[in-house]
Structures are given as C-alpha cells and as structure tokens.
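Pasted below: structure.txt, compact mmCIF, C-alpha atoms and all ligand atoms.
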```
# COMPACT_ATOMS: atom_id res chain seq x y z
CA MET N 1459 -33.94 107.93 -40.76
CA PRO N 1460 -33.88 104.25 -41.53
CA ILE N 1461 -36.92 102.29 -40.50
CA TYR N 1462 -36.46 98.59 -40.86
CA GLU N 1463 -38.99 95.84 -40.79
CA TYR N 1464 -38.22 92.92 -38.54
CA GLN N 1465 -39.73 89.60 -37.73
CA CYS N 1466 -39.26 87.83 -34.45
CA LYS N 1467 -37.89 84.34 -34.88
CA LYS N 1468 -39.38 83.26 -31.60
CA CYS N 1469 -43.00 84.28 -31.87
CA GLY N 1470 -43.26 85.46 -35.45
CA GLN N 1471 -44.27 88.98 -34.59
CA GLU N 1472 -43.55 91.51 -37.32
CA PHE N 1473 -42.71 95.06 -36.40
CA GLU N 1474 -41.04 98.17 -37.71
CA GLN N 1475 -38.18 99.71 -35.82
CA LEU N 1476 -36.07 102.80 -36.15
CA VAL N 1477 -32.48 101.64 -36.03
CA PHE N 1478 -29.49 103.76 -35.23
CA GLY N 1479 -26.04 102.43 -35.98
CA SER N 1480 -25.76 98.79 -35.11
CA ASP N 1481 -28.62 98.65 -32.68
CA THR N 1482 -30.50 95.41 -32.65
CA PRO N 1483 -34.16 95.74 -31.82
CA LYS N 1484 -36.08 93.45 -29.58
CA CYS N 1485 -39.45 91.95 -30.22
CA PRO N 1486 -42.15 94.17 -28.69
CA LYS N 1487 -44.28 91.15 -28.00
CA CYS N 1488 -41.99 88.63 -26.33
CA ASN N 1489 -38.86 90.78 -25.85
CA SER N 1490 -36.68 88.32 -27.69
CA ALA N 1491 -33.58 89.64 -29.40
CA LYS N 1492 -33.73 86.89 -31.98
CA VAL N 1493 -35.15 88.95 -34.78
CA CYS N 1494 -34.35 88.98 -38.47
CA LYS N 1495 -34.45 91.97 -40.72
CA LEU N 1496 -36.99 91.77 -43.49
CA MET N 1497 -35.71 93.10 -46.79
CA SER N 1498 -39.18 94.05 -47.81
CA CYS N 1499 -38.06 96.15 -50.74
CA CYS N 1500 -35.93 93.53 -52.43
CA GLY N 1501 -36.07 89.94 -51.28
CA PHE N 1502 -39.52 89.67 -49.85
CA VAL N 1503 -42.90 90.47 -51.22
CA SER N 1504 -43.60 94.09 -50.53
CA LYS N 1505 -47.10 94.91 -49.49
CA GLY N 1506 -48.53 98.11 -50.82
CA ALA N 1507 -45.59 99.02 -52.99
CA GLY N 1508 -47.56 99.44 -56.15
CA GLY N 1509 -47.96 95.82 -57.07
CA GLN N 1510 -44.46 95.28 -58.30
CA THR N 1511 -43.34 91.71 -58.42
CA VAL N 1512 -39.77 91.12 -57.39
CA SER N 1513 -38.29 87.68 -57.32
CA ALA N 1514 -36.46 86.75 -54.18
CA SER N 1515 -33.44 85.32 -55.95
CA ALA N 1516 -32.87 88.36 -58.13
CA GLY N 1517 -33.28 90.76 -55.25
CA ALA N 1518 -30.83 88.98 -53.01
CA SER N 1519 -27.98 89.07 -55.48
CA SER N 1520 -28.47 92.26 -57.41
CA CYS N 1521 -29.87 94.70 -54.92
CA GLY N 1522 -27.41 94.76 -52.05
CA GLY N 1523 -27.00 98.50 -52.06
CA CYS N 1524 -30.54 99.38 -51.18
CA SER N 1525 -30.63 97.48 -47.92
CA ALA N 1526 -28.62 100.18 -46.22
CA SER N 1527 -31.28 102.83 -46.08
CA SER N 1528 -33.92 103.37 -48.70
CA CYS N 1529 -34.99 101.50 -51.78
CA ALA N 1530 -36.37 104.56 -53.49
CA GLY N 1531 -33.63 104.90 -56.05
CA CYS N 1532 -32.73 101.34 -56.84
CA GLY N 1533 -35.59 100.52 -59.13
CA HIS N 1534 -37.02 97.82 -56.96
ZN ZN N 1601 -41.32 87.74 -30.34
```
Can you present the structure in this file as structure tokens?
Ligand SMILES: [Zn+2]
Amino acid sequence: MPIYEYQCKKCGQEFEQLVFGSDTPKCPKCNSAKVCKLMSCCGFVSKGAGGQTVSASAGASSCGGCSASSCAGCGH
C-alpha cells in the first residue's frame, strides 16, 4: 500500500499518510487540507535512504514513474 509523505503548507507539519485512490489527507496537527506531497525518493533529500545524493532537478524530470507507488525499482 502506498504511504506518502506530506507537509502541511499551513503549519509545516510533516506526516506520513496511507492514501487510497485520490484521497487527500489532512494535517493531523491543524487539520488543514492544504498539504503538499513530498517526493522524498526523488526530488527531495531522503533521510535514511543509504546516503544517496539525488539532485532535485534530475529527479523531477527523469523519475516521474516512481512517484506512483514505490521507488524501489527506479534506481533512485
Ligand atoms: Zn498543519
């Protein structure tokens, strides 16, 4: 099941959320629906992923496929 990482645009809270279909999670802290999905595997610095360094620009353009579910097979 896909677990996505989100950050609240209102209060900055980061949280992980199981997402089914097109559900949009709400911030557990302030209950705002203004959250953005963090592409932790590609565009953003991934913490605890083995120290790999991925540039944000390269990830955004070349790694679109892995944002759907898992980044395990995409090499990032
Ligand atoms: Zn919030």
Residue with smallest distance to ligand ZN 1601 (chain N) - pool N:Cys1466, N:Ser1480, N:Lys1492, N:Phe1473, counting all atoms listed in the file | N:Cys1466
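Distance check against ligand ZN 1601 (chain N) using only C-alpha atoms and all ligand atoms: of N:Tyr1464, N:Cys1488, N:Val1493, N:Val1477, the minimum falls on N:Cys1488.
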Go through N:Pro1483, N:Lys1468, N:Pro1460, N:Glu1474 one by one, measure the shortest atom-to-atom distance of each to Leu1496 of chain N using all atoms listed in the file, and give the residue with the smallest value.
-> N:Glu1474
Of the listed residues N:Ile1461, N:Glu1472, N:Gly1479, N:Lys1467, that which approaches Ala1491 of chain N most closely, counting all atoms listed in the file = N:Lys1467
Provide the atom ZN of ligand ZN 1601 (chain N) to atom CA of Asp1481 of chain N distance in Å, to one decimal place.
-> 16.9 Å
Environment of ligand ZN 1601 (chain N) within 6 Å, counting only C-alpha atoms and all ligand atoms, reported as a PyMOL selection string | chain N and resi 1466+1468-1471+1485+1487-1490
